[in-house]
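data-v5.txt (compact mmCIF, C-alpha atoms)
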```txt
# COMPACT_ATOMS: atom_id res chain seq x y z
CA MET A 1 54.50 6.55 -14.20
CA LYS A 2 52.21 8.17 -16.83
CA LYS A 3 54.67 7.25 -19.59
CA LYS A 4 54.75 3.61 -18.45
CA LEU A 5 50.93 3.51 -18.32
CA LEU A 6 50.73 4.95 -21.86
CA LEU A 7 53.23 2.45 -23.27
CA LYS A 8 51.46 -0.45 -21.60
CA LEU A 9 48.04 0.59 -22.87
CA MET A 10 49.33 1.24 -26.41
CA ALA A 11 51.00 -2.17 -26.46
CA MET A 12 47.77 -3.83 -25.42
CA VAL A 13 45.77 -1.96 -28.03
CA LEU A 14 48.20 -2.88 -30.84
CA LEU A 15 48.16 -6.51 -29.74
CA LEU A 16 44.38 -6.64 -29.71
CA GLN A 17 44.07 -4.95 -33.10
CA ALA A 18 46.63 -7.29 -34.61
CA CYS A 19 44.34 -10.20 -33.78
CA HIS A 20 41.64 -8.86 -36.15
CA HIS A 21 41.50 -8.38 -39.92
CA LYS A 22 41.79 -4.89 -41.27
CA PRO A 23 38.36 -3.26 -41.21
CA ILE A 24 36.81 -2.37 -44.51
CA ALA A 25 36.79 1.27 -45.49
CA ASP A 26 33.04 1.70 -45.93
CA LYS A 27 30.56 1.42 -43.12
CA PRO A 28 29.02 -2.03 -43.10
CA THR A 29 25.32 -2.32 -43.58
CA GLN A 30 25.15 -5.55 -41.62
CA PRO A 31 25.50 -5.58 -37.81
CA ILE A 32 29.02 -6.41 -36.65
CA ALA A 33 29.38 -9.54 -34.56
CA VAL A 34 30.88 -8.80 -31.15
CA ARG A 35 31.23 -10.27 -27.72
CA THR A 36 30.63 -8.27 -24.57
CA GLN A 37 31.26 -8.31 -20.86
CA GLN A 38 29.55 -6.68 -17.90
CA VAL A 39 31.04 -3.55 -16.30
CA GLU A 40 31.73 -3.82 -12.57
CA PHE A 41 31.47 -0.71 -10.43
CA LYS A 42 33.01 -1.44 -7.06
CA GLU A 43 35.23 -0.36 -4.21
CA TYR A 44 38.71 -1.61 -5.02
CA ALA A 45 42.06 -1.29 -3.27
CA VAL A 46 45.00 -1.37 -5.61
CA PRO A 47 47.72 -3.59 -4.10
CA VAL A 48 51.06 -1.91 -3.40
CA ILE A 49 53.81 -4.18 -4.69
CA SER A 50 57.43 -3.86 -3.64
CA SER A 51 60.38 -5.95 -2.52
CA GLY A 52 62.64 -5.89 0.51
CA ILE A 53 64.89 -7.77 2.90
CA VAL A 54 63.86 -9.75 5.96
CA SER A 55 65.55 -8.86 9.24
CA SER A 56 64.91 -9.00 12.94
CA GLY A 57 62.93 -6.11 14.37
CA ILE A 58 64.95 -6.31 17.60
CA GLU A 59 68.73 -5.91 17.49
CA ALA A 60 70.82 -5.94 20.67
CA ARG A 61 74.22 -4.20 20.55
CA LEU A 62 75.91 -5.38 23.73
CA SER A 63 78.96 -3.79 25.34
CA PHE A 64 80.87 -3.45 28.61
CA LYS A 65 80.03 -0.44 30.76
CA THR A 66 83.66 0.04 31.76
CA GLY A 67 86.80 -0.39 29.70
CA GLY A 68 89.27 -3.17 30.25
CA VAL A 69 91.00 -6.23 28.85
CA ILE A 70 88.63 -8.94 27.57
CA SER A 71 89.24 -12.11 29.56
CA ARG A 72 86.69 -14.54 28.08
CA MET A 73 84.45 -14.67 25.00
CA TYR A 74 82.02 -17.54 25.46
CA VAL A 75 80.10 -17.58 22.15
CA LYS A 76 81.06 -17.33 18.50
CA GLU A 77 79.49 -15.53 15.57
CA GLY A 78 76.48 -17.40 14.21
CA GLU A 79 75.68 -19.22 17.47
CA MET A 80 72.25 -19.17 19.07
CA VAL A 81 72.01 -17.66 22.56
CA HIS A 82 69.22 -17.37 25.11
CA LYS A 83 68.19 -14.36 27.18
CA GLY A 84 70.37 -13.99 30.28
CA GLN A 85 73.23 -16.13 28.93
CA LEU A 86 76.79 -15.04 29.88
CA LEU A 87 78.60 -14.00 26.72
CA ALA A 88 81.86 -12.31 27.76
CA MET A 89 83.87 -11.07 30.75
CA LEU A 90 86.59 -8.52 31.38
CA ASN A 91 89.74 -9.28 33.32
CA MET A 92 88.49 -8.57 36.84
CA THR A 93 91.86 -7.84 38.53
CA GLU A 94 91.57 -4.06 38.33
CA VAL A 95 87.82 -4.02 38.96
CA ASP A 96 88.05 -6.29 42.01
CA ALA A 97 90.93 -4.21 43.42
CA GLN A 98 88.90 -1.05 43.07
CA VAL A 99 85.90 -2.61 44.82
CA THR A 100 88.13 -3.88 47.66
CA GLN A 101 89.72 -0.45 48.05
CA LEU A 102 86.37 1.30 48.26
CA GLN A 103 84.99 -1.29 50.67
CA SER A 104 87.90 -0.50 53.03
CA ALA A 105 87.32 3.24 52.61
CA TYR A 106 83.65 2.78 53.40
CA LYS A 107 84.42 0.77 56.57
CA LYS A 108 86.83 3.47 57.74
CA ALA A 109 84.31 6.22 57.05
CA LYS A 110 81.70 4.30 58.98
CA ARG A 111 84.03 3.93 61.99
CA ASP A 112 84.88 7.63 61.86
CA PHE A 113 81.23 8.56 61.79
CA LEU A 114 80.33 6.32 64.73
CA ARG A 115 83.21 7.81 66.74
CA ALA A 116 82.10 11.35 65.86
CA ASP A 117 78.52 10.50 66.71
CA ASN A 118 79.49 9.22 70.16
CA LEU A 119 81.73 12.22 70.81
CA LEU A 120 78.94 14.60 69.81
CA LYS A 121 76.64 13.03 72.39
CA ASP A 122 79.31 13.64 75.06
CA SER A 123 80.11 17.10 73.67
CA GLY A 124 83.55 15.83 72.75
CA THR A 125 83.37 17.11 69.16
CA THR A 126 81.75 19.90 67.21
CA LYS A 127 78.65 19.72 65.05
CA GLU A 128 80.77 20.59 62.03
CA GLN A 129 83.13 17.65 62.60
CA TRP A 130 80.15 15.32 62.95
CA GLU A 131 78.68 16.65 59.69
CA ASN A 132 82.01 16.15 57.91
CA ALA A 133 82.17 12.54 59.12
CA SER A 134 78.57 11.99 57.98
CA THR A 135 79.31 13.42 54.54
CA GLU A 136 82.43 11.28 54.17
CA LEU A 137 80.42 8.15 55.04
CA GLN A 138 77.75 9.02 52.47
CA MET A 139 80.28 9.76 49.71
CA SER A 140 82.28 6.58 50.32
CA GLY A 141 79.04 4.58 50.28
CA GLU A 142 78.02 6.02 46.92
CA SER A 143 81.51 5.38 45.49
CA LEU A 144 81.24 1.74 46.59
CA LYS A 145 77.84 1.45 44.88
CA ILE A 146 79.31 2.76 41.63
CA ALA A 147 82.24 0.35 41.77
CA SER A 148 79.94 -2.59 42.57
CA PHE A 149 77.65 -1.59 39.68
CA ASN A 150 80.61 -1.39 37.29
CA LYS A 151 81.75 -4.82 38.47
CA GLN A 152 78.33 -6.22 37.66
CA TYR A 153 78.54 -4.81 34.12
CA SER A 154 82.07 -6.01 33.54
CA ALA A 155 80.36 -9.08 32.15
CA ILE A 156 78.00 -9.18 29.16
CA TYR A 157 74.73 -11.10 29.37
CA SER A 158 72.39 -11.48 26.42
CA THR A 159 69.28 -9.33 26.65
CA VAL A 160 67.40 -11.31 23.98
CA SER A 161 67.12 -14.85 22.69
CA GLY A 162 68.52 -14.93 19.19
CA ARG A 163 71.53 -15.38 16.97
CA VAL A 164 74.93 -13.70 17.18
CA ILE A 165 75.32 -11.90 13.86
CA SER A 166 78.54 -10.05 14.74
CA LYS A 167 81.36 -10.69 17.22
CA LEU A 168 83.44 -7.51 17.43
CA GLY A 169 86.12 -8.42 19.97
CA ASN A 170 88.54 -11.15 20.98
CA GLU A 171 90.12 -12.37 24.20
CA GLY A 172 93.08 -10.26 25.20
CA GLU A 173 91.90 -7.18 23.37
CA MET A 174 91.12 -3.87 25.05
CA ALA A 175 87.40 -3.06 25.12
CA ALA A 176 86.30 0.56 25.31
CA PRO A 177 83.29 1.52 27.44
CA GLY A 178 80.04 1.35 25.47
CA THR A 179 81.64 -0.05 22.31
CA PRO A 180 79.62 -3.05 21.02
CA VAL A 181 81.27 -6.43 21.45
CA TYR A 182 78.34 -8.55 20.27
CA ILE A 183 75.42 -7.79 17.96
CA ILE A 184 72.51 -10.17 18.42
CA ASN A 185 69.27 -10.31 16.46
CA SER A 186 66.18 -11.74 18.07
CA THR A 187 64.79 -14.88 16.45
CA ASN A 188 61.43 -14.80 18.21
CA GLU A 189 58.60 -15.45 15.81
CA GLU A 190 56.96 -12.08 16.48
CA ASP A 191 60.18 -10.09 15.89
CA TRP A 192 60.73 -10.77 12.17
CA VAL A 193 60.11 -7.80 9.86
CA ILE A 194 60.55 -6.97 6.20
CA ARG A 195 61.30 -3.41 5.10
CA VAL A 196 60.35 -2.05 1.66
CA GLY A 197 60.39 1.31 -0.11
CA VAL A 198 57.27 2.73 -1.80
CA ALA A 199 56.48 5.77 -3.93
CA ASP A 200 54.69 8.78 -2.44
CA LYS A 201 51.36 7.97 -4.12
CA ASP A 202 51.40 4.50 -2.54
CA TRP A 203 52.63 5.83 0.82
CA ALA A 204 49.54 8.04 1.01
CA ARG A 205 47.25 4.99 0.76
CA ILE A 206 48.98 2.78 3.34
CA ARG A 207 47.88 2.70 6.98
CA LEU A 208 49.20 0.96 10.08
CA ARG A 209 47.90 -2.61 10.45
CA ASP A 210 47.14 -2.94 6.72
CA LYS A 211 47.42 -6.59 5.71
CA ALA A 212 50.02 -7.89 3.28
CA ALA A 213 51.22 -11.10 1.67
CA VAL A 214 54.94 -11.89 1.40
CA THR A 215 56.66 -14.41 -0.85
CA LEU A 216 60.31 -15.33 -0.35
CA ASP A 217 62.82 -16.69 -2.84
CA ALA A 218 63.87 -19.18 -0.17
CA TYR A 219 60.38 -20.72 -0.03
CA PRO A 220 58.91 -20.67 -3.56
CA GLY A 221 55.14 -20.85 -3.74
CA GLN A 222 54.58 -20.18 -0.03
CA ILE A 223 52.77 -17.05 1.14
CA PHE A 224 53.56 -15.52 4.54
CA PRO A 225 51.04 -13.15 6.18
CA ALA A 226 52.32 -9.75 7.26
CA THR A 227 51.01 -6.53 8.80
CA VAL A 228 52.21 -2.93 8.36
CA SER A 229 53.91 -2.00 11.65
CA ASN A 230 55.70 1.25 10.84
CA ILE A 231 55.39 3.97 8.18
CA ALA A 232 58.19 6.47 7.62
CA GLN A 233 57.18 10.13 7.80
CA ALA A 234 60.03 11.30 5.56
CA SER A 235 61.41 9.96 2.31
CA ASP A 236 64.89 8.57 1.83
CA GLN A 237 67.04 11.33 0.34
CA GLY A 238 68.88 8.88 -1.89
CA SER A 239 66.02 6.89 -3.41
CA GLY A 240 63.11 9.26 -2.84
CA THR A 241 60.98 6.38 -1.53
CA PHE A 242 59.26 6.01 1.83
CA ALA A 243 60.24 3.12 4.11
CA ILE A 244 57.47 0.76 5.18
CA GLU A 245 58.09 -1.89 7.84
CA LEU A 246 55.90 -4.98 8.09
CA LYS A 247 55.83 -7.65 10.76
CA ILE A 248 55.96 -11.04 9.08
CA ASN A 249 54.89 -14.37 10.53
CA PRO A 250 57.32 -17.19 9.62
CA GLY A 251 54.98 -19.93 10.82
CA SER A 252 56.93 -23.17 10.95
CA GLN A 253 59.67 -22.00 8.57
CA LYS A 254 63.18 -20.95 9.50
CA PHE A 255 63.98 -17.28 8.88
CA ALA A 256 67.33 -15.52 8.73
CA ASN A 257 68.52 -11.96 8.21
CA GLY A 258 68.91 -11.11 4.54
CA LEU A 259 66.15 -13.21 2.97
CA ILE A 260 64.78 -11.49 -0.15
CA GLY A 261 61.01 -11.09 -0.32
CA LYS A 262 58.29 -9.68 -2.54
CA VAL A 263 55.54 -7.81 -0.70
CA GLN A 264 51.94 -7.16 -1.77
CA ILE A 265 50.28 -4.69 0.62
CA LEU A 266 46.47 -4.50 0.58
CA PRO A 267 45.51 -0.95 1.62
CA THR A 268 42.28 -0.40 3.52
CA ILE A 269 41.79 2.80 1.52
CA THR A 270 39.82 1.99 -1.64
CA ASP A 271 38.82 3.75 -4.87
CA LYS A 272 35.44 3.57 -6.57
CA VAL A 273 36.25 2.36 -10.08
CA TYR A 274 34.76 0.71 -13.13
CA LEU A 275 36.45 -2.62 -13.87
CA ILE A 276 36.51 -3.67 -17.52
CA PRO A 277 38.55 -6.25 -19.46
CA VAL A 278 41.79 -5.14 -21.10
CA ALA A 279 40.30 -6.40 -24.39
CA ALA A 280 37.72 -3.57 -24.25
CA ILE A 281 40.38 -0.84 -24.51
CA HIS A 282 41.01 1.04 -27.79
CA GLU A 283 43.19 4.02 -28.80
CA ALA A 284 44.72 4.66 -25.39
CA ASP A 285 46.89 7.59 -24.35
CA ALA A 286 48.56 8.52 -21.06
CA LYS A 287 45.32 9.40 -19.25
CA SER A 288 42.43 7.91 -21.19
CA ALA A 289 41.25 5.23 -23.58
CA ASN A 290 38.27 4.57 -25.85
CA VAL A 291 35.70 1.92 -24.99
CA PHE A 292 32.61 0.80 -26.88
CA SER A 293 29.45 0.32 -24.85
CA VAL A 294 26.27 -1.49 -25.78
CA SER A 295 22.95 0.36 -25.99
CA LEU A 296 20.06 -0.68 -23.77
CA ASN A 297 18.37 -2.51 -26.66
CA ARG A 298 21.76 -4.17 -27.36
CA LYS A 299 21.62 -3.13 -31.04
CA MET A 300 24.14 -0.25 -31.24
CA ALA A 301 27.69 0.57 -30.16
CA THR A 302 28.55 3.89 -28.52
CA ILE A 303 32.09 5.10 -28.01
CA HIS A 304 33.20 6.42 -24.59
CA LYS A 305 36.41 8.07 -23.46
CA VAL A 306 37.31 6.74 -20.03
CA GLN A 307 39.83 7.97 -17.48
CA VAL A 308 42.24 5.12 -16.72
CA ALA A 309 43.17 4.78 -13.05
CA TYR A 310 45.41 1.72 -13.20
CA ILE A 311 45.92 -1.59 -14.95
CA LEU A 312 45.56 -4.94 -13.24
CA LYS A 313 46.61 -8.33 -14.56
CA ASP A 314 43.78 -8.71 -17.09
CA MET A 315 41.49 -5.81 -16.15
CA VAL A 316 41.56 -2.03 -16.42
CA ALA A 317 40.19 0.23 -13.67
CA ALA A 318 38.54 3.42 -14.95
CA ARG A 319 37.62 6.33 -12.66
CA SER A 320 35.06 7.90 -15.00
CA GLY A 321 33.50 7.71 -18.45
CA LEU A 322 31.33 4.63 -17.93
CA GLU A 323 28.48 6.11 -15.92
CA ASN A 324 25.21 4.20 -16.59
CA VAL A 325 27.06 1.73 -18.85
CA GLN A 326 26.32 -1.92 -18.20
CA GLU A 327 28.17 -3.72 -21.03
CA VAL A 328 31.31 -3.06 -23.04
CA VAL A 329 32.51 -4.68 -26.24
CA THR A 330 35.49 -7.01 -25.99
CA ASP A 331 35.86 -9.12 -29.18
CA GLY A 332 35.04 -7.34 -32.43
CA GLY A 333 35.72 -3.82 -31.24
CA ALA A 334 38.36 -3.22 -33.93
CA TYR A 335 35.58 -3.17 -36.57
CA LEU A 336 33.40 -0.67 -34.74
CA SER A 337 32.93 3.06 -34.80
CA ASP A 338 30.42 5.24 -32.97
CA LYS A 339 26.73 4.45 -33.55
CA LEU A 340 27.33 1.37 -35.70
CA PRO A 341 24.91 -1.57 -35.39
CA LEU A 342 26.15 -4.70 -33.72
CA ALA A 343 25.09 -8.27 -33.07
CA ILE A 344 26.11 -9.80 -29.76
CA GLN A 345 27.46 -13.35 -29.97
CA HIS A 346 27.25 -15.79 -27.07
```

Would you kindly transcribe this structure into structure tokens?
Amino acid sequence: MKKKLLLKLMAMVLLLQACHHKPIADKPTQPIAVRTQQVEFKEYAVPVISSGIVSSGIEARLSFKTGGVISRMYVKEGEMVHKGQLLAMLNMTEVDAQVTQLQSAYKKAKRDFLRADNLLKDSGTTKEQWENASTELQMSGESLKIASFNKQYSAIYSTVSGRVISKLGNEGEMAAPGTPVYIINSTNEEDWVIRVGVADKDWARIRLRDKAAVTLDAYPGQIFPATVSNIAQASDQGSGTFAIELKINPGSQKFANGLIGKVQILPTITDKVYLIPVAAIHEADAKSANVFSVSLNRKMATIHKVQVAYILKDMVAARSGLENVQEVVTDGGAYLSDKLPLAIQH
């Protein structure tokens, strides 16, 4: 990062100096004509800029609870579905037979219990036999509940309104319990997110609910508002970056998984910096640069070494070096050295 900052500053300095004639070797006796600009000291939040991919924040991976042969698949990949819609069913022959079998077992256990209960009242059976009949009734009832529950989940219903992004089975195939058959992404307006990776120094400045602006290649020139919704607490081992998730509002536009976007996050954490024009910078290195200020009587130039925090589009933010400075030289600085007279042009 420091190397990039140095190269950028040096390039700017060379460009600015190339726009002026070579200064004469001797110190001029006449004031040098310059132009100046006011220094701004302000709270400023450096935007965090990154890029990422739009996706749905809610993904449903739907499967059968029990295994079996798929009988019907009602929707295809890419189709829109609504919450509660029937998507697929297993062949119910085996499931129905199991439920019927357990219903019969439950009825028998209930008859046995009632008989044992009546006999116990007449002292025609023992307490132990009555307890055994009671236990058998309870166990057969629970087994019937399990079978009925499995029958209910031998069909797949959509849990969200959205689009089918993957169909992982076909009619006639064997489905394993818990193995996804459909993957559906929600298309609700509030469920769209964009995920980006940021460096550690930017991660430290980002907070939940920070605002952001997103531009998408699919909609040139349009800005979509976004809000930071999740901040990773560990970096990705491959890239070394931290994942940031932002909720994005599509407004009236159509979104889809995979849209490429550029994100500009506006952190609430700010720095106190001096903002000066790029044209005021001279002889920059990785951490600092020279700037000429204007004396209070506006007759003399004084050189200052400033600590560069970051570079904006046409401004430089300095953390220190410009205390009590109100004006800096922009045009004409290439002819100046410390304590030379100057004449400010308007």

Distance of CA of Asn188 in chain A from CA of Ile260 in chain A, expressed in Å to one decimal place: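 The value is 19.0 Å.
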
So which one's closest to Ala232 in chain A, A:Ala256, A:Asp217, A:Arg207, A:Pro250? Using all atoms listed in the file, please. A:Arg207

So, with only C-alpha atoms as the atoms that count, which of A:Ile276, A:Ile244, A:Ala204, A:Met80 lies closest to Ala318 in chain A?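 Among the listed residues, the smallest separation from Ala318 in chain A belongs to A:Ile276.
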
Considering only C-alpha atoms, return as a ChimeraX atom specification whatever protein or nucleic-acid residues lie within 7 Å of range 60-65 of chain A, sequence-local ones (same chain, fewer than 3 positions apart) excluded. /A:150,153-156,177-185

Spatial neighbours of Val198 in chain A, 12 Å, only C-alpha atoms, chain gap at least 5 places, as a list of chain:residue names: A:Pro47, A:Val48, A:Ile49, A:Ser50, A:Ser51, A:Gly52, A:Trp203, A:Ala204, A:Arg205, A:Ile206, A:Ile231, A:Ala232, A:Ala234, A:Ser235, A:Asp236, A:Ser239, A:Gly240, A:Thr241, A:Phe242, A:Ala243, A:Ile244, A:Glu245, A:Val263, A:Gln264, A:Ile265

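Nearest residue to Phe292 in chain A, choosing from A:Ala88, A:Ile311, A:Val329, A:Val278 and counting all atoms listed in the file: A:Val329.
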
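Interatomic distance, CA of His82 in chain A to CA of Ser55 in chain A: 18.4 Å.
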
Quick one: everything within 8 Å of Glu171 in chain A, counting all atoms listed in the file, minus sequence neighbours fewer than 5 positions away in the same chain. Send it as a PyMOL selection string. chain A and resi 69-73

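Distance-wise, CA of Leu336 in chain A and CA of Val306 in chain A end up 16.9 Å apart.
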
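Every protein or nucleic acid residue with an atom no more than 8 Å from Leu216 in chain A, counting all atoms listed in the file and leaving out same-chain residues fewer than 4 positions away, appears here: Pro220, Gln222, Ile223, Leu259, Ile260, Gly261 and Lys262 of chain A.
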
Given all atoms listed in the file as the basis, pick out the residue of A:Gln253, A:Asn91, A:Ser320, A:Gln326 nearest to Leu296 in chain A.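 Looking only at the distances to Leu296 in chain A, the closest residue turns out to be A:Gln326.
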
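Between Ala301 in chain A and the residues A:Met315, A:Ala133, A:Leu340, A:Ala97, the shortest atom-to-atom distance, using all atoms listed in the file, involves A:Leu340.
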
What lies within 8 Å of Leu208 in chain A using all atoms listed in the file, ignoring chain neighbours under 5 positions off, as number ranges by chain? A: 227-231

Which one of A:Gly221, A:Gly333, A:Gly124, A:Gly251 sits closest to Val291 in chain A if you count only C-alpha atoms?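 Smallest distance to Val291 in chain A is found for A:Gly333.
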
Can you sort out the box for range 291-297 of chain A, edges along x, y and z, all listed atoms in, 4 Å on every side, with centre and edge lengths in Å to one decimal, as lines of an AutoDock Vina configuration file?
```
center_x = 27.0
center_y = -0.3
center_z = -25.3
size_x = 25.3
size_y = 12.4
size_z = 11.1
```
